[in-house]
Structures are given as structure tokens and as C-alpha cells.
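Shown next: work.cif, given as mmCIF, C-alpha atoms and all ligand atoms.
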data_query
#
loop_
_atom_site.label_atom_id
_atom_site.label_comp_id
_atom_site.auth_asym_id
_atom_site.auth_seq_id
_atom_site.Cartn_x
_atom_site.Cartn_y
_atom_site.Cartn_z
CA MET A 1 6.60 -13.32 32.90
CA ALA A 2 10.01 -11.62 33.32
CA ASN A 3 10.00 -9.89 29.93
CA GLN A 4 6.40 -8.86 30.02
CA VAL A 5 5.71 -5.82 27.86
CA LYS A 6 4.33 -2.87 29.83
CA THR A 7 4.38 0.00 27.36
CA ILE A 8 3.63 -0.23 23.68
CA GLY A 9 4.67 2.38 21.14
CA VAL A 10 2.94 2.75 17.79
CA LEU A 11 4.02 4.60 14.67
CA THR A 12 3.04 4.88 11.01
CA SER A 13 5.82 5.12 8.43
CA GLY A 14 6.30 5.47 4.67
CA GLY A 15 3.32 6.32 2.45
CA ASP A 16 0.05 6.73 4.34
CA ALA A 17 -2.82 4.38 3.55
CA PRO A 18 -6.56 4.53 4.30
CA GLY A 19 -7.24 2.24 7.24
CA MET A 20 -4.08 3.13 9.14
CA ASN A 21 -6.23 4.99 11.67
CA ALA A 22 -8.29 1.86 12.27
CA ALA A 23 -5.05 -0.02 12.94
CA ILE A 24 -3.79 2.67 15.36
CA ARG A 25 -7.12 2.59 17.19
CA ALA A 26 -6.97 -1.18 17.48
CA VAL A 27 -3.38 -1.09 18.79
CA VAL A 28 -4.24 1.51 21.43
CA ARG A 29 -7.47 -0.09 22.59
CA THR A 30 -6.17 -3.67 22.56
CA ALA A 31 -3.17 -2.54 24.60
CA ILE A 32 -5.47 -0.80 27.10
CA TYR A 33 -7.62 -3.94 27.24
CA HIS A 34 -4.48 -5.85 28.30
CA GLY A 35 -3.64 -3.23 30.94
CA LEU A 36 -0.69 -1.73 29.03
CA GLN A 37 0.40 1.88 28.55
CA VAL A 38 0.50 3.21 24.99
CA LYS A 39 2.66 5.89 23.45
CA GLY A 40 2.05 7.32 20.00
CA ILE A 41 5.17 8.21 18.02
CA LYS A 42 4.49 10.95 15.50
CA ARG A 43 5.96 11.14 11.98
CA GLY A 44 7.39 7.63 11.83
CA TYR A 45 11.08 7.09 12.49
CA ALA A 46 11.73 10.83 11.96
CA GLY A 47 9.48 11.59 14.95
CA LEU A 48 11.07 8.80 16.97
CA LEU A 49 14.50 10.40 16.51
CA LYS A 50 13.05 13.78 17.53
CA GLU A 51 11.23 12.20 20.50
CA GLU A 52 7.82 13.29 19.24
CA ILE A 53 6.18 10.86 21.62
CA VAL A 54 2.77 11.33 23.23
CA ASP A 55 0.74 9.32 25.73
CA MET A 56 -2.38 7.79 24.22
CA ASP A 57 -5.58 6.57 25.81
CA GLY A 58 -8.87 5.18 24.56
CA LEU A 59 -10.19 8.66 23.84
CA SER A 60 -7.19 9.74 21.77
CA VAL A 61 -8.33 7.31 19.10
CA ALA A 62 -12.04 8.15 19.26
CA ASP A 63 -13.67 9.38 16.04
CA ILE A 64 -10.87 8.23 13.71
CA ILE A 65 -11.90 4.80 12.37
CA HIS A 66 -13.64 6.40 9.37
CA ARG A 67 -10.89 8.84 8.49
CA GLY A 68 -8.25 8.47 5.78
CA GLY A 69 -4.61 9.37 6.44
CA THR A 70 -2.98 8.75 9.81
CA ILE A 71 -3.53 10.79 12.98
CA LEU A 72 0.09 10.03 13.92
CA TYR A 73 1.32 11.55 10.65
CA THR A 74 3.96 9.74 8.64
CA ALA A 75 7.36 10.44 7.16
CA ARG A 76 10.31 9.00 5.37
CA CYS A 77 13.53 9.34 7.36
CA LEU A 78 17.00 9.07 5.84
CA GLU A 79 18.75 9.30 9.21
CA PHE A 80 17.08 6.09 10.30
CA MET A 81 18.77 4.25 7.42
CA THR A 82 22.08 4.74 9.25
CA GLU A 83 23.47 2.58 12.06
CA GLU A 84 23.75 5.66 14.31
CA GLY A 85 20.13 6.64 13.61
CA GLN A 86 18.93 3.13 14.45
CA GLN A 87 20.92 3.03 17.70
CA LYS A 88 19.58 6.44 18.67
CA GLY A 89 16.04 5.19 17.92
CA ALA A 90 16.50 2.12 20.12
CA GLU A 91 17.87 4.26 22.96
CA ILE A 92 14.94 6.66 22.71
CA CYS A 93 12.52 3.70 22.92
CA ARG A 94 14.30 2.54 26.10
CA LYS A 95 14.36 6.06 27.54
CA HIS A 96 10.57 6.31 27.12
CA GLY A 97 10.00 2.82 28.50
CA ILE A 98 8.72 1.55 25.14
CA ASP A 99 9.32 -2.18 25.37
CA GLY A 100 7.08 -3.16 22.46
CA LEU A 101 6.75 -1.26 19.19
CA VAL A 102 4.10 -1.65 16.49
CA VAL A 103 5.27 -0.35 13.10
CA ILE A 104 2.49 0.21 10.58
CA GLY A 105 3.97 0.63 7.11
CA GLY A 106 5.51 -1.06 4.10
CA ASP A 107 8.64 -3.09 3.40
CA GLY A 108 10.97 -0.15 4.03
CA SER A 109 9.39 0.50 7.41
CA PHE A 110 9.76 -3.20 8.25
CA ARG A 111 13.49 -2.99 7.50
CA GLY A 112 13.64 -0.27 10.12
CA ALA A 113 11.70 -2.52 12.53
CA GLN A 114 14.12 -5.35 11.75
CA ARG A 115 17.04 -3.12 12.76
CA LEU A 116 15.32 -2.06 15.98
CA ALA A 117 14.59 -5.71 16.81
CA ALA A 118 18.29 -6.50 16.32
CA LEU A 119 19.02 -3.73 18.82
CA GLY A 120 16.80 -5.33 21.46
CA ILE A 121 13.44 -3.59 20.92
CA ASN A 122 10.43 -5.92 20.63
CA THR A 123 8.83 -5.02 17.32
CA VAL A 124 5.84 -6.17 15.30
CA GLY A 125 5.01 -4.90 11.81
CA VAL A 126 1.53 -4.37 10.39
CA PRO A 127 1.38 -4.14 6.57
CA GLY A 128 0.13 -0.72 5.53
CA THR A 129 0.51 0.37 1.92
CA ILE A 130 -1.85 0.94 -0.98
CA ASP A 131 0.64 -0.87 -3.26
CA LEU A 132 -0.04 -4.45 -1.99
CA ASP A 133 3.65 -5.09 -2.61
CA ILE A 134 4.53 -6.87 0.65
CA ALA A 135 5.48 -10.42 -0.23
CA CYS A 136 4.36 -12.26 2.91
CA THR A 137 0.76 -11.10 2.78
CA GLU A 138 -2.19 -11.15 0.38
CA TYR A 139 -3.67 -8.05 2.03
CA THR A 140 -2.18 -4.68 2.92
CA ILE A 141 -4.04 -1.86 4.64
CA GLY A 142 -5.27 0.71 2.12
CA PHE A 143 -5.19 -1.34 -1.07
CA ASP A 144 -8.94 -1.96 -1.06
CA THR A 145 -9.79 1.72 -0.61
CA ALA A 146 -7.19 2.79 -3.18
CA VAL A 147 -8.45 0.42 -5.89
CA ASN A 148 -12.03 1.50 -5.24
CA THR A 149 -11.02 5.17 -5.49
CA ALA A 150 -9.06 4.54 -8.68
CA MET A 151 -11.89 2.43 -10.13
CA GLU A 152 -14.42 5.22 -9.62
CA ALA A 153 -12.06 7.78 -11.15
CA ILE A 154 -11.41 5.55 -14.18
CA ASP A 155 -15.17 5.06 -14.69
CA LYS A 156 -15.46 8.84 -14.95
CA VAL A 157 -12.60 9.15 -17.41
CA ARG A 158 -14.20 6.39 -19.44
CA ASP A 159 -17.46 8.36 -19.79
CA THR A 160 -15.73 11.31 -21.38
CA SER A 161 -13.41 9.06 -23.37
CA THR A 162 -16.45 7.35 -24.94
CA SER A 163 -18.22 10.66 -25.68
CA HIS A 164 -15.19 11.95 -27.52
CA GLU A 165 -14.27 8.56 -29.00
CA ARG A 166 -10.79 8.89 -27.59
CA CYS A 167 -8.06 6.70 -26.28
CA SER A 168 -7.30 7.32 -22.58
CA ILE A 169 -4.23 6.34 -20.65
CA ILE A 170 -4.85 6.40 -16.92
CA GLU A 171 -1.82 6.07 -14.69
CA VAL A 172 -2.32 4.50 -11.27
CA MET A 173 0.06 4.26 -8.32
CA GLY A 174 1.84 1.16 -7.09
CA ARG A 175 5.52 2.08 -7.07
CA ASN A 176 7.20 -0.90 -8.84
CA ALA A 177 4.20 -3.19 -8.50
CA GLY A 178 1.22 -3.59 -10.82
CA TYR A 179 -1.46 -4.75 -8.37
CA ILE A 180 -3.55 -1.57 -8.49
CA ALA A 181 -3.30 -1.50 -12.30
CA LEU A 182 -4.27 -5.17 -12.61
CA TRP A 183 -7.29 -4.86 -10.32
CA CYS A 184 -8.48 -1.67 -12.01
CA GLY A 185 -7.88 -3.21 -15.41
CA ILE A 186 -10.30 -6.00 -14.54
CA ALA A 187 -12.78 -3.86 -12.57
CA ASN A 188 -12.93 -1.08 -15.17
CA GLY A 189 -13.01 -3.35 -18.20
CA ALA A 190 -9.91 -1.71 -19.63
CA GLU A 191 -8.74 -2.59 -23.12
CA ASP A 192 -5.11 -2.76 -21.98
CA ILE A 193 -3.10 -2.82 -18.77
CA LEU A 194 0.58 -2.07 -18.62
CA LEU A 195 2.19 -3.76 -15.63
CA PRO A 196 5.86 -3.48 -14.63
CA GLU A 197 5.81 -7.25 -14.06
CA ARG A 198 4.60 -8.06 -17.59
CA TYR A 199 4.89 -5.16 -20.06
CA ASP A 200 7.16 -6.05 -22.98
CA ASN A 201 7.62 -2.41 -24.08
CA ASP A 202 6.17 -3.26 -27.48
CA GLU A 203 4.34 0.02 -28.13
CA GLN A 204 3.70 -0.90 -31.76
CA LYS A 205 1.62 -3.90 -30.61
CA LEU A 206 -0.38 -1.53 -28.41
CA ILE A 207 -0.90 0.87 -31.31
CA ASP A 208 -2.00 -1.96 -33.63
CA ARG A 209 -4.56 -3.07 -31.04
CA ILE A 210 -5.96 0.44 -30.69
CA ILE A 211 -6.39 0.74 -34.47
CA GLU A 212 -7.92 -2.74 -34.69
CA ASN A 213 -10.40 -1.99 -31.88
CA ARG A 214 -11.45 1.26 -33.55
CA LYS A 215 -12.06 -0.62 -36.81
CA ARG A 216 -14.25 -3.08 -34.87
CA GLY A 217 -16.36 -0.18 -33.63
CA LYS A 218 -15.02 0.38 -30.11
CA LYS A 219 -15.78 3.91 -28.98
CA HIS A 220 -12.91 4.23 -26.54
CA HIS A 221 -9.69 2.51 -25.65
CA ILE A 222 -8.86 2.57 -21.95
CA ILE A 223 -5.26 1.80 -21.02
CA VAL A 224 -4.53 1.46 -17.32
CA ASN A 225 -0.85 2.19 -16.96
CA ALA A 226 1.04 1.39 -13.77
CA GLU A 227 3.27 4.04 -12.22
CA GLY A 228 6.15 1.56 -12.52
CA ILE A 229 5.88 1.94 -16.34
CA GLY A 230 5.06 5.67 -16.17
CA HIS A 231 5.57 8.13 -19.06
CA SER A 232 1.81 8.29 -19.71
CA THR A 233 1.88 11.80 -21.18
CA SER A 234 4.58 11.11 -23.75
CA MET A 235 3.01 7.74 -24.53
CA ALA A 236 -0.32 9.49 -25.23
CA LYS A 237 1.38 11.84 -27.69
CA ARG A 238 3.05 8.98 -29.54
CA ILE A 239 -0.18 6.96 -29.68
CA GLU A 240 -2.15 9.94 -31.02
CA ALA A 241 0.49 10.58 -33.69
CA ALA A 242 0.59 6.91 -34.73
CA THR A 243 -3.16 6.18 -34.67
CA GLY A 244 -4.73 9.52 -35.54
CA ILE A 245 -7.05 8.92 -32.56
CA GLU A 246 -7.18 11.68 -29.95
CA THR A 247 -5.42 10.39 -26.87
CA ARG A 248 -5.30 11.87 -23.36
CA ALA A 249 -3.29 10.93 -20.30
CA THR A 250 -4.64 11.20 -16.75
CA ILE A 251 -2.33 10.61 -13.81
CA LEU A 252 -4.49 9.85 -10.79
CA GLY A 253 -1.73 10.53 -8.26
CA HIS A 254 -2.21 11.04 -4.55
CA MET A 255 -6.01 11.07 -4.60
CA GLN A 256 -5.57 7.27 -4.53
CA ARG A 257 -4.00 7.46 -1.08
CA GLY A 258 -6.73 9.50 0.60
CA GLY A 259 -10.39 9.24 1.44
CA THR A 260 -12.69 7.25 3.66
CA PRO A 261 -11.42 3.70 4.19
CA THR A 262 -13.65 0.93 2.91
CA CYS A 263 -15.31 -1.50 5.29
CA LYS A 264 -12.72 -4.13 4.38
CA ASP A 265 -9.80 -1.84 5.18
CA ARG A 266 -11.34 -0.82 8.51
CA VAL A 267 -12.04 -4.41 9.57
CA TYR A 268 -8.79 -6.01 8.40
CA ALA A 269 -6.73 -3.11 9.81
CA SER A 270 -8.53 -3.43 13.16
CA ILE A 271 -7.83 -7.16 13.32
CA MET A 272 -4.18 -6.74 12.30
CA GLY A 273 -3.60 -3.94 14.83
CA ALA A 274 -5.11 -6.07 17.59
CA LYS A 275 -3.05 -9.13 16.52
CA ALA A 276 0.16 -7.09 16.66
CA VAL A 277 -0.50 -6.19 20.29
CA GLU A 278 -1.48 -9.76 21.15
CA LEU A 279 1.84 -11.02 19.75
CA LEU A 280 3.73 -8.56 21.97
CA VAL A 281 1.60 -9.54 24.99
CA GLU A 282 2.49 -13.19 24.32
CA GLY A 283 6.16 -12.18 24.49
CA ARG A 284 6.72 -12.59 20.74
CA SER A 285 8.82 -10.11 18.81
CA LYS A 286 10.36 -9.44 15.39
CA ARG A 287 7.14 -10.52 13.68
CA ILE A 288 5.04 -9.28 10.77
CA VAL A 289 1.27 -9.76 10.84
CA ALA A 290 0.01 -11.12 7.52
CA TYR A 291 -3.15 -12.34 5.83
CA LYS A 292 -2.93 -15.53 3.78
CA ASN A 293 -5.37 -18.18 2.58
CA GLY A 294 -8.26 -16.60 4.44
CA GLY A 295 -6.57 -16.26 7.83
CA TYR A 296 -4.35 -13.96 9.88
CA ILE A 297 -0.88 -15.31 10.58
CA ASP A 298 2.53 -13.91 11.41
CA PHE A 299 6.07 -14.34 10.14
CA ASP A 300 9.54 -13.65 11.42
CA ILE A 301 10.64 -10.31 9.93
CA ASP A 302 13.80 -11.76 8.33
CA GLU A 303 11.77 -14.53 6.74
CA ALA A 304 9.05 -12.10 5.59
CA LEU A 305 11.51 -9.66 4.04
CA ALA A 306 13.29 -12.44 2.16
CA MET A 307 10.07 -13.50 0.43
CA THR A 308 9.12 -12.43 -3.08
CA LYS A 309 5.78 -12.37 -4.82
CA ASP A 310 4.42 -11.71 -8.26
CA ILE A 311 1.06 -10.57 -9.55
CA SER A 312 -1.39 -13.43 -10.04
CA GLU A 313 -0.88 -15.03 -13.45
CA ASP A 314 -4.47 -16.33 -13.27
CA GLN A 315 -5.85 -12.83 -12.79
CA TYR A 316 -3.69 -11.53 -15.63
CA GLU A 317 -4.85 -14.32 -17.95
CA ILE A 318 -8.49 -13.69 -17.04
CA PHE A 319 -8.03 -10.00 -17.79
CA LYS A 320 -6.71 -10.89 -21.25
CA HIS A 321 -9.56 -13.32 -21.94
CA LEU A 322 -12.15 -10.68 -21.08
CA VAL A 323 -10.77 -8.04 -23.46
CA ARG A 324 -12.80 -8.25 -26.63
P1 LIG A 401 7.40 1.88 3.01
O1 LIG A 401 7.48 1.53 4.46
O2 LIG A 401 6.03 2.29 2.59
O3 LIG A 401 8.02 0.81 2.12
P2 LIG A 401 9.79 3.50 2.59
O4 LIG A 401 10.49 2.49 1.75
O5 LIG A 401 9.85 4.92 2.17
O6 LIG A 401 8.24 3.21 2.77
O7 LIG A 401 10.39 3.36 4.06
C1 LIG A 401 9.89 4.15 5.13
C2 LIG A 401 11.01 4.47 6.07
O8 LIG A 401 11.51 3.26 6.67
C3 LIG A 401 12.26 5.11 5.45
O9 LIG A 401 12.12 6.49 5.25
C4 LIG A 401 13.29 4.81 6.51
O10 LIG A 401 13.19 5.71 7.61
C5 LIG A 401 12.88 3.41 6.98
N1 LIG A 401 13.68 2.43 6.24
C6 LIG A 401 13.55 2.04 4.96
N2 LIG A 401 14.50 1.14 4.61
C7 LIG A 401 15.27 0.96 5.71
C8 LIG A 401 16.43 0.19 6.00
N3 LIG A 401 17.00 -0.60 5.08
N4 LIG A 401 16.94 0.27 7.25
C9 LIG A 401 16.39 1.06 8.17
N5 LIG A 401 15.30 1.83 7.97
C10 LIG A 401 14.75 1.79 6.76
O1 LIG A 402 3.89 3.45 -1.47
C1 LIG A 402 2.75 4.23 -1.70
C2 LIG A 402 3.01 5.21 -2.81
O2 LIG A 402 1.84 6.00 -3.00
C3 LIG A 402 3.46 4.59 -4.14
O3 LIG A 402 2.38 4.05 -4.86
C4 LIG A 402 4.12 5.76 -4.80
O4 LIG A 402 5.12 5.30 -5.69
C5 LIG A 402 4.74 6.50 -3.65
O5 LIG A 402 4.06 6.08 -2.48
C6 LIG A 402 4.65 7.99 -3.78
O6 LIG A 402 5.35 8.57 -2.74
P1 LIG A 402 5.23 10.12 -2.36
O7 LIG A 402 3.94 10.30 -1.62
O8 LIG A 402 6.40 10.35 -1.50
O9 LIG A 402 5.24 10.89 -3.63
#
Starting from the file, lay out its structure as C-alpha cells.
Amino acid sequence: MANQVKTIGVLTSGGDAPGMNAAIRAVVRTAIYHGLQVKGIKRGYAGLLKEEIVDMDGLSVADIIHRGGTILYTARCLEFMTEEGQQKGAEICRKHGIDGLVVIGGDGSFRGAQRLAALGINTVGVPGTIDLDIACTEYTIGFDTAVNTAMEAIDKVRDTSTSHERCSIIEVMGRNAGYIALWCGIANGAEDILLPERYDNDEQKLIDRIIENRKRGKKHHIIVNAEGIGHSTSMAKRIEAATGIETRATILGHMQRGGTPTCKDRVYASIMGAKAVELLVEGRSKRIVAYKNGGYIDFDIDEALAMTKDISEDQYEIFKHLVR
């Protein structure tokens, strides 16, 4: 094959996510299995522009599958948003003989990959973000670990909330998406969830429900608030003033992005990393690996980035039916 890929580069970009290491390991080892060279690019597109590029072999990814974070480090890079930055990145790939690039990251990182593909670099994206906010896929690396971490933390807040008969607002990550909040809302048996996709900003309705629940004998009122709504601390103050019920806000923050990846994140990330390399080996480029309807598929990057998705209305309805 004339255009056969010989050297694969791999980078992680945007927010890190537990399971990214499993994906890196799968990229490196699948490439080696196919007789290819592999180069690790450190610190995402920022490292690419600074030529922070290292040779990788099977051993460089030993002892990482169980670790959170990313051994390649990650970054956000403004320079890469510019035409000049993108051209420089493509030239650096060519200079280092990188003829296939695997980008592990979110939508923003895929836009970078889309630009590189337009400049002649074979690229494949692997969805890595705790937010689950990539439209073409039902799974993103790190979401499973993040919701489990958040769920355990919320259980703990709930214990103390019950003891003190308080209302607790727990803010979870997700950028503009409510997937983490929705899943935790169901898994933690929250009394309310505030999702950017659904919240009507009717705080009085929320207050009325808290008062009503207290009258019915509920010992706590757990509100899982999505980062996209935010303002948990000021909301807690207003709720306490309006209800007379002590109210505390807890913002879980970056602890949701760290920690040991779950089995699901390790396995799915391994499969997606391997698939990305297989696509490049088959001579396919400008693709995003995705998981849909129980199987692994891939989409053209333009097509994938044009898609939109919403939280599941069914899941949201079920959450509401289970609140009593
Ligand atoms: P994520 O990949 O998790 O969505 P970001 O949105 O922060 O995270 O994007 C990560 C990086 O991808 C950015 O810092 C930038 O270097 C690159 N990027 C984002 N959007 C674009 C774009 N439109 N064109 C080129 N590169 C982009
Ligand atoms: O995209 C992952 C994420 O953790 C979002 O949930 C959050 O909005 C953002 O990254 C936080 O970014 P930073 O780590 O730069 O504060």
C-alpha cells in the first residue's frame, strides 16, 4: 500500500480522564503489533508545537493501565487554535515522520484533529472526557470512573446531611452538560437534580419542594447541581434563608477527574485505542472512534462534530418518578 502508515503519534488533549492511560497503552501496543513505530507527544497540541516528542515502546506503557491521569500529560493550547499554529503542527508531524496521529480528548481536541487532517495528517480521534458530551458516542473514556467517584462522595455527604437534617447541594462537573449530574441523581437517590439541559431556573419551586419534603418527614434534601448551572454556594444561602433549613454546598471539583479507572473505563479505552490504530493501518483517516448501540464504530470527523445530543429524556423521567 503506497500510503501505508509507518509511524504513529499519540497525544492526550483537553481535560484528563481516568482511562486515558489504558488508551495510550493500547495505541502503543497495537501499533507495535502491526510493526509500526510509535511516538508519544507530550502535553497535547502545546507539546506538539514545542516538539516534545518521545519514542515509545511496549515497556514505556508498562504499569500504567491502572493509573488515573495521563502519562503523556495534557494541556489546552491557544496557539493551536490559529491557522499558523495548525500549519506548524502539521509540519512538525511531517518532520518527525508521524504519518498517523491518534488524538485522545474531547470535542475541542477533535477540532484540532480536524484541522490537522485538512492539512494532510492522517488523524483518528478517541473520545476522552469525563463529561460524556461528545455527540457521536454513548461512551467517553473517564465518565464511568468520574460518576462512580462522584457517587461515593455524594453518599458521604448524604450521611452527614441526614445526621444534621440538612439540605445539601452537591455540585458535579460536566462543563455545559448534565450527564454526570443525571447519573448521580439516579444513583444517589437525590431529591432534585439541576441540569443545564432542563433546569427552568424556578428556585421558588425548588424551595417549595424542600419545605414539602421536610413536612413529610424527610431527613435530608440532596440536590445534585451540574457545573453548567453552578452558583451552588449562593443558592445554598438563599435556600437556607427561605426555608429555615440549614443548607450546605459542596463543590466536588477536580477529585472527579482523578483516581483509579474502573474496569469499564480500562476495557473500553483499550478497545478504542486499538481500534484507532487499526483504522490508520487500514489507511483510513479523519475518523472518530465511537461506541453506539452496543458496538464500536467510527465516524468522519466533520460528520461527528456536526452531530448534537441531549441527555436521555427517559432517564430524566425515571429520575422524577423515583423521587418520593
Ligand atoms: P476538550 O478536547 O476536552 O473538549 P478543549 O475544548 O479545551 O478540550 O480543547 C483542547 C484543545 O484542543 C484546545 O486547547 C486547543 O488546543 C484545541 N482546540 C480546541 N478547539 C479547536 C479549534 N476550533 N481548532 C483547533 N484546535 C482546537
Ligand atoms: O472537560 C472536563 C472538565 O473537568 C469539565 O467538567 C470542567 O468544566 C473542566 O474540565 C474544568 O477544566 P479545568 O481543569 O481547566 O479547570
Give me, as a tab-separated table, the closest atom pair and its distance (Å, one decimal) for every residue of range 84-146 of chain A within a cut-off of 9 Å of range 23-32 of chain A, counting all atoms listed in the file, rows sorted by chain and rising number.
residue	atom	partner	partner_atom	distance
A:Val102	CA	A:Val27	CA	7.8
A:Ile104	CA	A:Ala23	CA	7.9
A:Val126	CA	A:Ala23	CA	8.3
A:Ile141	CA	A:Ala23	CA	8.6
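Using only C-alpha atoms and all ligand atoms, residues with at least one atom at most 9 Å away from any atom of ligand LIG 402 (chain A) are Gly14, Gly15, Asp16, Ala17, Ala75, Arg76, Gly106, Gly128, Thr129, Ile130, Asp131, Leu132, Asp133, Val172, Met173, Gly174, Arg175, Asn176, Ala177, Ile180, Glu227, Gly228, Gly253, His254, Gln256 and Arg257 of chain A.
Interatomic distance, CA of Ala290 in chain A to atom C9 of ligand LIG 401 (chain A): 20.4 Å.
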Close residues, Asp107 in chain A itself excluded, 12 Å, only C-alpha atoms, min 4 positions apart in chain, as a ChimeraX atom specification: /A:13-15,103,111-114,125-129,131-137,140,288,301-302,304-308
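Using only C-alpha atoms and all ligand atoms for every distance, the candidate list A:Leu101, A:Leu116, A:Ile170, A:Ala22 yields A:Leu116 as the residue closest to ligand LIG 401 (chain A).
Proximity ranking of A:Asn225, A:Asn122, A:Ser168, A:Ser312 relative to Val277 in chain A places A:Asn122 first, based on all atoms listed in the file.
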Contacts of range 39-48 of chain A at 8 Å (only C-alpha atoms; same-chain gap of 3+ positions) as a PyMOL selection string: chain A and resi 7-14+51-56+72-77+79-80+89+92-93+98
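The nearest approach to ligand LIG 401 (chain A) among the residues A:Val289, A:Ile169, A:Ala242, A:Ala117, with only C-alpha atoms and all ligand atoms taken into account, belongs to A:Ala117.
Using all atoms listed in the file, the smallest distance between any of A:Lys50, A:Arg115, A:Arg166, A:Arg266 and ligand LIG 401 (chain A) comes from A:Arg115.
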